[in-house]
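**Q** The following file, data_23.txt, comprises compact mmCIF, N, CA and C atoms:
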# COMPACT_ATOMS: atom_id res chain seq x y z
N TYR A 1 63.77 -124.47 -40.91
CA TYR A 1 64.65 -123.53 -40.23
C TYR A 1 65.87 -123.20 -41.09
N ARG A 2 66.32 -124.17 -41.85
CA ARG A 2 67.48 -123.90 -42.72
C ARG A 2 67.16 -122.81 -43.73
N ARG A 3 65.98 -122.90 -44.32
CA ARG A 3 65.59 -121.87 -45.29
C ARG A 3 65.45 -120.51 -44.63
N ALA A 4 64.92 -120.50 -43.42
CA ALA A 4 64.76 -119.23 -42.71
C ALA A 4 66.13 -118.62 -42.41
N VAL A 5 67.08 -119.45 -42.00
CA VAL A 5 68.43 -118.94 -41.71
C VAL A 5 69.11 -118.47 -42.99
N GLN A 6 68.89 -119.19 -44.09
CA GLN A 6 69.47 -118.76 -45.36
C GLN A 6 68.87 -117.42 -45.80
N ALA A 7 67.58 -117.26 -45.57
CA ALA A 7 66.92 -116.02 -45.97
C ALA A 7 67.32 -114.84 -45.08
N ASP A 8 67.58 -115.13 -43.81
CA ASP A 8 67.93 -114.06 -42.87
C ASP A 8 68.99 -114.57 -41.90
N PRO A 9 70.25 -114.67 -42.36
CA PRO A 9 71.31 -115.25 -41.54
C PRO A 9 71.61 -114.51 -40.25
N GLN A 10 71.21 -113.24 -40.16
CA GLN A 10 71.48 -112.46 -38.95
C GLN A 10 70.42 -112.66 -37.87
N ASN A 11 69.36 -113.35 -38.19
CA ASN A 11 68.26 -113.54 -37.25
C ASN A 11 68.64 -114.61 -36.22
N ALA A 12 68.93 -114.18 -35.02
CA ALA A 12 69.37 -115.09 -33.95
C ALA A 12 68.28 -116.10 -33.60
N GLU A 13 67.04 -115.68 -33.66
CA GLU A 13 65.94 -116.59 -33.34
C GLU A 13 65.91 -117.77 -34.29
N TYR A 14 66.09 -117.51 -35.57
CA TYR A 14 66.12 -118.59 -36.56
C TYR A 14 67.32 -119.51 -36.35
N ARG A 15 68.46 -118.90 -36.09
CA ARG A 15 69.68 -119.70 -35.89
C ARG A 15 69.55 -120.61 -34.67
N ILE A 16 69.00 -120.08 -33.59
CA ILE A 16 68.81 -120.86 -32.37
C ILE A 16 67.81 -122.00 -32.61
N ALA A 17 66.73 -121.69 -33.31
CA ALA A 17 65.72 -122.70 -33.60
C ALA A 17 66.31 -123.81 -34.46
N LEU A 18 67.12 -123.45 -35.44
CA LEU A 18 67.77 -124.45 -36.28
C LEU A 18 68.70 -125.32 -35.46
N GLU A 19 69.49 -124.71 -34.60
CA GLU A 19 70.42 -125.47 -33.76
C GLU A 19 69.66 -126.44 -32.86
N ARG A 20 68.59 -125.99 -32.27
CA ARG A 20 67.78 -126.86 -31.41
C ARG A 20 67.18 -128.02 -32.20
N ALA A 21 66.68 -127.74 -33.38
CA ALA A 21 66.10 -128.80 -34.21
C ALA A 21 67.16 -129.82 -34.60
N MET A 22 68.34 -129.36 -34.92
CA MET A 22 69.41 -130.28 -35.32
C MET A 22 69.86 -131.14 -34.14
N ILE A 23 69.96 -130.56 -32.96
CA ILE A 23 70.33 -131.32 -31.77
C ILE A 23 69.25 -132.36 -31.46
N SER A 24 68.00 -131.96 -31.57
CA SER A 24 66.89 -132.89 -31.33
C SER A 24 66.93 -134.05 -32.31
N ALA A 25 67.16 -133.76 -33.57
CA ALA A 25 67.25 -134.81 -34.58
C ALA A 25 68.43 -135.73 -34.29
N SER A 26 69.53 -135.17 -33.87
CA SER A 26 70.69 -135.97 -33.52
C SER A 26 70.36 -136.92 -32.38
N ILE A 27 69.66 -136.44 -31.38
CA ILE A 27 69.31 -137.28 -30.23
C ILE A 27 68.38 -138.42 -30.65
N VAL A 28 67.44 -138.14 -31.53
CA VAL A 28 66.52 -139.18 -32.01
C VAL A 28 67.32 -140.28 -32.71
N HIS A 29 68.25 -139.89 -33.58
CA HIS A 29 69.04 -140.88 -34.31
C HIS A 29 70.03 -141.60 -33.38
N LEU A 30 70.54 -140.90 -32.40
CA LEU A 30 71.45 -141.51 -31.44
C LEU A 30 70.72 -142.58 -30.63
N ASP A 31 69.50 -142.29 -30.21
CA ASP A 31 68.70 -143.28 -29.48
C ASP A 31 68.42 -144.51 -30.35
N ALA A 32 68.06 -144.27 -31.60
CA ALA A 32 67.80 -145.38 -32.52
C ALA A 32 69.06 -146.21 -32.75
N ALA A 33 70.21 -145.55 -32.82
CA ALA A 33 71.48 -146.25 -33.01
C ALA A 33 71.78 -147.15 -31.82
N ARG A 34 71.57 -146.64 -30.64
CA ARG A 34 71.84 -147.43 -29.43
C ARG A 34 70.94 -148.65 -29.35
N VAL A 35 69.67 -148.49 -29.71
CA VAL A 35 68.74 -149.62 -29.71
C VAL A 35 69.18 -150.66 -30.73
N ALA A 36 69.50 -150.21 -31.93
CA ALA A 36 69.94 -151.14 -32.98
C ALA A 36 71.21 -151.87 -32.56
N GLU A 37 72.14 -151.14 -31.96
CA GLU A 37 73.39 -151.76 -31.52
C GLU A 37 73.13 -152.79 -30.42
N ALA A 38 72.26 -152.47 -29.50
CA ALA A 38 71.92 -153.40 -28.41
C ALA A 38 71.28 -154.67 -28.94
N ARG A 39 70.57 -154.55 -30.04
CA ARG A 39 69.92 -155.71 -30.67
C ARG A 39 70.88 -156.47 -31.58
N GLY A 40 72.08 -155.94 -31.73
CA GLY A 40 73.07 -156.61 -32.57
C GLY A 40 72.96 -156.28 -34.04
N ASN A 41 72.14 -155.30 -34.39
CA ASN A 41 71.97 -154.90 -35.77
C ASN A 41 72.95 -153.77 -36.07
N LEU A 42 74.18 -154.14 -36.36
CA LEU A 42 75.25 -153.16 -36.50
C LEU A 42 75.11 -152.29 -37.74
N ASP A 43 74.56 -152.83 -38.82
CA ASP A 43 74.36 -152.03 -40.02
C ASP A 43 73.42 -150.85 -39.75
N ASP A 44 72.29 -151.16 -39.11
CA ASP A 44 71.34 -150.09 -38.78
C ASP A 44 71.94 -149.13 -37.76
N ALA A 45 72.66 -149.67 -36.79
CA ALA A 45 73.28 -148.84 -35.77
C ALA A 45 74.25 -147.86 -36.40
N LEU A 46 75.08 -148.35 -37.30
CA LEU A 46 76.06 -147.49 -37.96
C LEU A 46 75.37 -146.40 -38.76
N ARG A 47 74.32 -146.77 -39.48
CA ARG A 47 73.58 -145.79 -40.28
C ARG A 47 72.99 -144.70 -39.37
N GLU A 48 72.43 -145.10 -38.24
CA GLU A 48 71.83 -144.13 -37.32
C GLU A 48 72.90 -143.26 -36.63
N TYR A 49 74.03 -143.85 -36.28
CA TYR A 49 75.11 -143.05 -35.70
C TYR A 49 75.60 -142.01 -36.71
N ARG A 50 75.70 -142.41 -37.97
CA ARG A 50 76.14 -141.46 -39.00
C ARG A 50 75.14 -140.32 -39.15
N ARG A 51 73.85 -140.66 -39.13
CA ARG A 51 72.83 -139.61 -39.22
C ARG A 51 72.92 -138.67 -38.03
N ALA A 52 73.10 -139.24 -36.85
CA ALA A 52 73.24 -138.40 -35.64
C ALA A 52 74.42 -137.46 -35.80
N SER A 53 75.50 -137.98 -36.35
CA SER A 53 76.70 -137.16 -36.54
C SER A 53 76.47 -136.06 -37.57
N GLU A 54 75.67 -136.34 -38.58
CA GLU A 54 75.37 -135.31 -39.59
C GLU A 54 74.60 -134.14 -38.97
N PHE A 55 73.74 -134.42 -38.01
CA PHE A 55 72.96 -133.37 -37.36
C PHE A 55 73.75 -132.66 -36.26
N ASP A 56 74.82 -133.29 -35.77
CA ASP A 56 75.61 -132.69 -34.69
C ASP A 56 77.10 -132.92 -34.98
N PRO A 57 77.62 -132.31 -36.06
CA PRO A 57 79.00 -132.55 -36.47
C PRO A 57 80.07 -132.28 -35.41
N PRO A 58 79.90 -131.29 -34.54
CA PRO A 58 80.96 -131.06 -33.55
C PRO A 58 81.03 -132.11 -32.44
N ASN A 59 80.02 -132.98 -32.36
CA ASN A 59 79.98 -133.97 -31.29
C ASN A 59 81.00 -135.07 -31.58
N ARG A 60 82.13 -135.00 -30.89
CA ARG A 60 83.23 -135.95 -31.12
C ARG A 60 82.89 -137.35 -30.60
N GLN A 61 82.02 -137.44 -29.60
CA GLN A 61 81.65 -138.75 -29.08
C GLN A 61 80.91 -139.56 -30.13
N ILE A 62 80.04 -138.91 -30.88
CA ILE A 62 79.32 -139.63 -31.93
C ILE A 62 80.29 -140.02 -33.04
N ALA A 63 81.17 -139.11 -33.43
CA ALA A 63 82.15 -139.42 -34.48
C ALA A 63 83.05 -140.57 -34.05
N THR A 64 83.42 -140.59 -32.79
CA THR A 64 84.25 -141.68 -32.27
C THR A 64 83.48 -143.00 -32.32
N LYS A 65 82.20 -142.96 -31.97
CA LYS A 65 81.38 -144.17 -32.01
C LYS A 65 81.26 -144.69 -33.42
N VAL A 66 81.11 -143.81 -34.39
CA VAL A 66 81.04 -144.21 -35.80
C VAL A 66 82.33 -144.95 -36.18
N ALA A 67 83.46 -144.38 -35.83
CA ALA A 67 84.75 -145.00 -36.16
C ALA A 67 84.91 -146.35 -35.48
N GLU A 68 84.51 -146.44 -34.21
CA GLU A 68 84.62 -147.71 -33.48
C GLU A 68 83.75 -148.78 -34.10
N LEU A 69 82.52 -148.42 -34.45
CA LEU A 69 81.60 -149.39 -35.04
C LEU A 69 82.07 -149.82 -36.42
N GLU A 70 82.61 -148.89 -37.20
CA GLU A 70 83.17 -149.25 -38.51
C GLU A 70 84.32 -150.25 -38.34
N ARG A 71 85.16 -150.00 -37.37
CA ARG A 71 86.28 -150.89 -37.10
C ARG A 71 85.79 -152.28 -36.65
N THR A 72 84.81 -152.30 -35.78
CA THR A 72 84.24 -153.56 -35.31
C THR A 72 83.66 -154.36 -36.46
N MET A 73 82.90 -153.69 -37.31
CA MET A 73 82.28 -154.38 -38.45
C MET A 73 83.33 -154.87 -39.43
N ARG A 74 84.38 -154.08 -39.65
CA ARG A 74 85.46 -154.50 -40.54
C ARG A 74 86.17 -155.74 -39.97
N ASP A 75 86.42 -155.72 -38.67
CA ASP A 75 87.07 -156.86 -38.03
C ASP A 75 86.20 -158.11 -38.12
N GLN A 76 84.91 -157.95 -37.93
CA GLN A 76 83.99 -159.09 -38.04
C GLN A 76 83.97 -159.65 -39.45
N ASN A 77 83.97 -158.76 -40.44
CA ASN A 77 83.97 -159.22 -41.84
C ASN A 77 85.25 -159.94 -42.18
N GLU A 78 86.38 -159.45 -41.69
CA GLU A 78 87.66 -160.10 -41.96
C GLU A 78 87.75 -161.45 -41.26
N ALA A 79 87.21 -161.54 -40.07
CA ALA A 79 87.24 -162.80 -39.32
C ALA A 79 86.34 -163.85 -39.96
N ALA A 80 85.31 -163.41 -40.68
CA ALA A 80 84.39 -164.34 -41.32
C ALA A 80 84.92 -164.91 -42.63
N ARG A 81 85.97 -164.29 -43.15
CA ARG A 81 86.55 -164.78 -44.41
C ARG A 81 87.33 -166.05 -44.16
N PRO A 82 87.28 -166.97 -45.12
CA PRO A 82 88.05 -168.22 -44.95
C PRO A 82 89.54 -168.02 -45.09
Can you dump the structure from the file as structure tokens?

**A**
Amino acid sequence: YRRAVQADPQNAEYRIALERAMISASIVHLDAARVAEARGNLDDALREYRRASEFDPPNRQIATKVAELERTMRDQNEAARP
């Protein structure tokens, strides 16, 4: 869809299809992030939240979750230091 939009940026059908595909991809990664986080696998969760955010940049909730998880992981790493 990206190539189609690049080839014909005025085509609303292509733009809508691209937007839908990106939202769908974001949801898939968001679901995977939530599962990883629930299992305590914060590295995978963070990676999946970041991917979700890449597919849906205007979604502030995902961006906020990325920042919160980064902060949590940083705090855990600092607490583990002697």

**Q** Tell me, in Å to one decimal, how far atom N of A:Ala33 is from atom C of A:Asp75.

**A** 21.0 Å

**Q** Can you pull out the residues contacting A:His29? Cut-off 8 Å, using only N, CA and C atoms, and skip same-chain residues under 2 positions away; I want them as a VMD selection string.

**A** chain A and resid 23 to 27 31 to 35 47 to 53

**Q** Could you write those residues out with N, CA and C atoms, as a PDB file, in the coordinates of the input?

**A**
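Final output, saved to result_33.pdb:
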ATOM      1  N   ILE A  23      69.960-130.560 -32.960  1.00  0.00           N
ATOM      2  CA  ILE A  23      70.330-131.320 -31.770  1.00  0.00           C
ATOM      3  C   ILE A  23      69.250-132.360 -31.460  1.00  0.00           C
ATOM      4  N   SER A  24      68.000-131.960 -31.570  1.00  0.00           N
ATOM      5  CA  SER A  24      66.890-132.890 -31.330  1.00  0.00           C
ATOM      6  C   SER A  24      66.930-134.050 -32.310  1.00  0.00           C
ATOM      7  N   ALA A  25      67.160-133.760 -33.570  1.00  0.00           N
ATOM      8  CA  ALA A  25      67.250-134.810 -34.580  1.00  0.00           C
ATOM      9  C   ALA A  25      68.430-135.730 -34.290  1.00  0.00           C
ATOM     10  N   SER A  26      69.530-135.170 -33.870  1.00  0.00           N
ATOM     11  CA  SER A  26      70.690-135.970 -33.520  1.00  0.00           C
ATOM     12  C   SER A  26      70.360-136.920 -32.380  1.00  0.00           C
ATOM     13  N   ILE A  27      69.660-136.440 -31.380  1.00  0.00           N
ATOM     14  CA  ILE A  27      69.310-137.280 -30.230  1.00  0.00           C
ATOM     15  C   ILE A  27      68.380-138.420 -30.650  1.00  0.00           C
ATOM     16  N   ASP A  31      69.500-142.290 -30.210  1.00  0.00           N
ATOM     17  CA  ASP A  31      68.700-143.280 -29.480  1.00  0.00           C
ATOM     18  C   ASP A  31      68.420-144.510 -30.350  1.00  0.00           C
ATOM     19  N   ALA A  32      68.060-144.270 -31.600  1.00  0.00           N
ATOM     20  CA  ALA A  32      67.800-145.380 -32.520  1.00  0.00           C
ATOM     21  C   ALA A  32      69.060-146.210 -32.750  1.00  0.00           C
ATOM     22  N   ALA A  33      70.210-145.550 -32.820  1.00  0.00           N
ATOM     23  CA  ALA A  33      71.480-146.250 -33.010  1.00  0.00           C
ATOM     24  C   ALA A  33      71.780-147.150 -31.820  1.00  0.00           C
ATOM     25  N   ARG A  34      71.570-146.640 -30.640  1.00  0.00           N
ATOM     26  CA  ARG A  34      71.840-147.430 -29.430  1.00  0.00           C
ATOM     27  C   ARG A  34      70.940-148.650 -29.350  1.00  0.00           C
ATOM     28  N   VAL A  35      69.670-148.490 -29.710  1.00  0.00           N
ATOM     29  CA  VAL A  35      68.740-149.620 -29.710  1.00  0.00           C
ATOM     30  C   VAL A  35      69.180-150.660 -30.730  1.00  0.00           C
ATOM     31  N   ARG A  47      74.320-146.770 -39.480  1.00  0.00           N
ATOM     32  CA  ARG A  47      73.580-145.790 -40.280  1.00  0.00           C
ATOM     33  C   ARG A  47      72.990-144.700 -39.370  1.00  0.00           C
ATOM     34  N   GLU A  48      72.430-145.100 -38.240  1.00  0.00           N
ATOM     35  CA  GLU A  48      71.830-144.130 -37.320  1.00  0.00           C
ATOM     36  C   GLU A  48      72.900-143.260 -36.630  1.00  0.00           C
ATOM     37  N   TYR A  49      74.030-143.850 -36.280  1.00  0.00           N
ATOM     38  CA  TYR A  49      75.110-143.050 -35.700  1.00  0.00           C
ATOM     39  C   TYR A  49      75.600-142.010 -36.710  1.00  0.00           C
ATOM     40  N   ARG A  50      75.700-142.410 -37.970  1.00  0.00           N
ATOM     41  CA  ARG A  50      76.140-141.460 -39.000  1.00  0.00           C
ATOM     42  C   ARG A  50      75.140-140.320 -39.150  1.00  0.00           C
ATOM     43  N   ARG A  51      73.850-140.660 -39.130  1.00  0.00           N
ATOM     44  CA  ARG A  51      72.830-139.610 -39.220  1.00  0.00           C
ATOM     45  C   ARG A  51      72.920-138.670 -38.030  1.00  0.00           C
ATOM     46  N   ALA A  52      73.100-139.240 -36.850  1.00  0.00           N
ATOM     47  CA  ALA A  52      73.240-138.400 -35.640  1.00  0.00           C
ATOM     48  C   ALA A  52      74.420-137.460 -35.800  1.00  0.00           C
ATOM     49  N   SER A  53      75.500-137.980 -36.350  1.00  0.00           N
ATOM     50  CA  SER A  53      76.700-137.160 -36.540  1.00  0.00           C
ATOM     51  C   SER A  53      76.470-136.060 -37.570  1.00  0.00           C
TER      52      SER A  53
END

**Q** From a DSSP pass on the backbone, collect the residues of chain A flagged as alpha helix (DSSP H) and hand them back as a ChimeraX atom specification.

**A** /A:2-7,12-38,42-55,60-80

**Q** For the atom pair atom C of A:Pro57 and atom CA of A:Met22, what is the interatomic distance in Å to one decimal place?

**A**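 So the answer is 10.8 Å.
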
**Q** Considering only N, CA and C atoms, can you say which of A:Ala21, A:Ile16, A:Val28, A:Met73 comes closest to A:Asp43?

**A**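 Of all the options, A:Met73 lies closest to A:Asp43.
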
**Q** Which is closest to A:Glu70 among A:Phe55, A:Glu13, A:Leu18, A:Leu46, if we use all atoms listed in the file?

**A** A:Leu46

**Q** Just how far from atom CA of A:Ala45 is atom CA of A:Val66, in Å to one decimal?

**A** 9.0 Å

**Q** Would you mind telling me which residue in A:Leu42, A:Ala12, A:Glu37, A:Glu19 lies nearest to A:Gln76 when using only C-alpha atoms?

**A** A:Leu42

**Q** Assuming the input is short of atoms at stretch 45-56 of chain A, produce all heavy atoms for that part as an mmCIF file, keeping the file's coordinate frame.

**A**
data_model
loop_
_atom_site.group_PDB
_atom_site.id
_atom_site.type_symbol
_atom_site.label_atom_id
_atom_site.label_comp_id
_atom_site.auth_asym_id
_atom_site.auth_seq_id
_atom_site.Cartn_x
_atom_site.Cartn_y
_atom_site.Cartn_z
ATOM 1 N N ALA A 45 72.660 -149.670 -36.790
ATOM 2 C CA ALA A 45 73.280 -148.840 -35.770
ATOM 3 C C ALA A 45 74.250 -147.860 -36.400
ATOM 4 O O ALA A 45 74.232 -146.663 -36.093
ATOM 5 C CB ALA A 45 73.988 -149.697 -34.725
ATOM 6 N N LEU A 46 75.080 -148.350 -37.300
ATOM 7 C CA LEU A 46 76.060 -147.490 -37.960
ATOM 8 C C LEU A 46 75.370 -146.400 -38.760
ATOM 9 O O LEU A 46 75.755 -145.234 -38.707
ATOM 10 C CB LEU A 46 76.987 -148.304 -38.851
ATOM 11 C CG LEU A 46 78.058 -147.519 -39.602
ATOM 12 C CD1 LEU A 46 78.952 -146.748 -38.631
ATOM 13 C CD2 LEU A 46 78.889 -148.466 -40.465
ATOM 14 N N ARG A 47 74.320 -146.770 -39.480
ATOM 15 C CA ARG A 47 73.580 -145.790 -40.280
ATOM 16 C C ARG A 47 72.990 -144.700 -39.370
ATOM 17 O O ARG A 47 73.084 -143.507 -39.679
ATOM 18 C CB ARG A 47 72.470 -146.481 -41.075
ATOM 19 C CG ARG A 47 71.695 -145.557 -41.967
ATOM 20 C CD ARG A 47 70.699 -146.249 -42.895
ATOM 21 N NE ARG A 47 69.855 -147.229 -42.234
ATOM 22 C CZ ARG A 47 70.014 -148.559 -42.351
ATOM 23 N NH1 ARG A 47 70.974 -149.056 -43.099
ATOM 24 N NH2 ARG A 47 69.192 -149.382 -41.740
ATOM 25 N N GLU A 48 72.430 -145.100 -38.240
ATOM 26 C CA GLU A 48 71.830 -144.130 -37.320
ATOM 27 C C GLU A 48 72.900 -143.260 -36.630
ATOM 28 O O GLU A 48 72.689 -142.063 -36.450
ATOM 29 C CB GLU A 48 70.962 -144.826 -36.284
ATOM 30 C CG GLU A 48 69.704 -145.442 -36.858
ATOM 31 C CD GLU A 48 68.729 -144.426 -37.442
ATOM 32 O OE1 GLU A 48 68.720 -143.259 -37.004
ATOM 33 O OE2 GLU A 48 67.965 -144.809 -38.354
ATOM 34 N N TYR A 49 74.030 -143.850 -36.280
ATOM 35 C CA TYR A 49 75.110 -143.050 -35.700
ATOM 36 C C TYR A 49 75.600 -142.010 -36.710
ATOM 37 O O TYR A 49 75.887 -140.871 -36.355
ATOM 38 C CB TYR A 49 76.278 -143.926 -35.245
ATOM 39 C CG TYR A 49 76.090 -144.589 -33.905
ATOM 40 C CD1 TYR A 49 76.167 -145.965 -33.776
ATOM 41 C CD2 TYR A 49 75.848 -143.844 -32.753
ATOM 42 C CE1 TYR A 49 76.000 -146.587 -32.547
ATOM 43 C CE2 TYR A 49 75.681 -144.455 -31.519
ATOM 44 C CZ TYR A 49 75.756 -145.832 -31.425
ATOM 45 O OH TYR A 49 75.592 -146.432 -30.200
ATOM 46 N N ARG A 50 75.700 -142.410 -37.970
ATOM 47 C CA ARG A 50 76.140 -141.460 -39.000
ATOM 48 C C ARG A 50 75.140 -140.320 -39.150
ATOM 49 O O ARG A 50 75.525 -139.159 -39.302
ATOM 50 C CB ARG A 50 76.330 -142.181 -40.328
ATOM 51 C CG ARG A 50 77.596 -143.001 -40.383
ATOM 52 C CD ARG A 50 77.728 -143.712 -41.696
ATOM 53 N NE ARG A 50 78.990 -144.426 -41.788
ATOM 54 C CZ ARG A 50 79.201 -145.453 -42.596
ATOM 55 N NH1 ARG A 50 78.237 -145.875 -43.399
ATOM 56 N NH2 ARG A 50 80.368 -146.056 -42.617
ATOM 57 N N ARG A 51 73.850 -140.660 -39.130
ATOM 58 C CA ARG A 51 72.830 -139.610 -39.220
ATOM 59 C C ARG A 51 72.920 -138.670 -38.030
ATOM 60 O O ARG A 51 72.803 -137.450 -38.178
ATOM 61 C CB ARG A 51 71.436 -140.231 -39.303
ATOM 62 C CG ARG A 51 71.150 -140.857 -40.639
ATOM 63 C CD ARG A 51 69.770 -141.424 -40.682
ATOM 64 N NE ARG A 51 69.518 -142.073 -41.972
ATOM 65 C CZ ARG A 51 68.586 -142.972 -42.164
ATOM 66 N NH1 ARG A 51 67.793 -143.345 -41.170
ATOM 67 N NH2 ARG A 51 68.428 -143.516 -43.344
ATOM 68 N N ALA A 52 73.100 -139.240 -36.850
ATOM 69 C CA ALA A 52 73.240 -138.400 -35.640
ATOM 70 C C ALA A 52 74.420 -137.460 -35.800
ATOM 71 O O ALA A 52 74.344 -136.277 -35.458
ATOM 72 C CB ALA A 52 73.402 -139.278 -34.412
ATOM 73 N N SER A 53 75.500 -137.980 -36.350
ATOM 74 C CA SER A 53 76.700 -137.160 -36.540
ATOM 75 C C SER A 53 76.470 -136.060 -37.570
ATOM 76 O O SER A 53 77.000 -134.958 -37.426
ATOM 77 C CB SER A 53 77.869 -138.055 -36.975
ATOM 78 O OG SER A 53 79.048 -137.309 -37.087
ATOM 79 N N GLU A 54 75.670 -136.340 -38.580
ATOM 80 C CA GLU A 54 75.370 -135.310 -39.590
ATOM 81 C C GLU A 54 74.600 -134.140 -38.970
ATOM 82 O O GLU A 54 74.800 -132.988 -39.364
ATOM 83 C CB GLU A 54 74.538 -135.909 -40.725
ATOM 84 C CG GLU A 54 75.311 -136.850 -41.615
ATOM 85 C CD GLU A 54 74.423 -137.586 -42.604
ATOM 86 O OE1 GLU A 54 73.214 -137.273 -42.693
ATOM 87 O OE2 GLU A 54 74.936 -138.497 -43.282
ATOM 88 N N PHE A 55 73.740 -134.420 -38.010
ATOM 89 C CA PHE A 55 72.960 -133.370 -37.360
ATOM 90 C C PHE A 55 73.750 -132.660 -36.260
ATOM 91 O O PHE A 55 73.380 -131.564 -35.850
ATOM 92 C CB PHE A 55 71.665 -133.924 -36.789
ATOM 93 C CG PHE A 55 70.626 -134.204 -37.837
ATOM 94 C CD1 PHE A 55 70.282 -135.503 -38.163
ATOM 95 C CD2 PHE A 55 70.004 -133.169 -38.509
ATOM 96 C CE1 PHE A 55 69.323 -135.774 -39.127
ATOM 97 C CE2 PHE A 55 69.050 -133.424 -39.476
ATOM 98 C CZ PHE A 55 68.709 -134.728 -39.791
ATOM 99 N N ASP A 56 74.820 -133.290 -35.770
ATOM 100 C CA ASP A 56 75.610 -132.690 -34.690
ATOM 101 C C ASP A 56 77.100 -132.920 -34.980
ATOM 102 O O ASP A 56 77.786 -133.640 -34.254
ATOM 103 C CB ASP A 56 75.205 -133.316 -33.357
ATOM 104 C CG ASP A 56 75.796 -132.597 -32.164
ATOM 105 O OD1 ASP A 56 76.446 -131.547 -32.344
ATOM 106 O OD2 ASP A 56 75.610 -133.099 -31.035
#
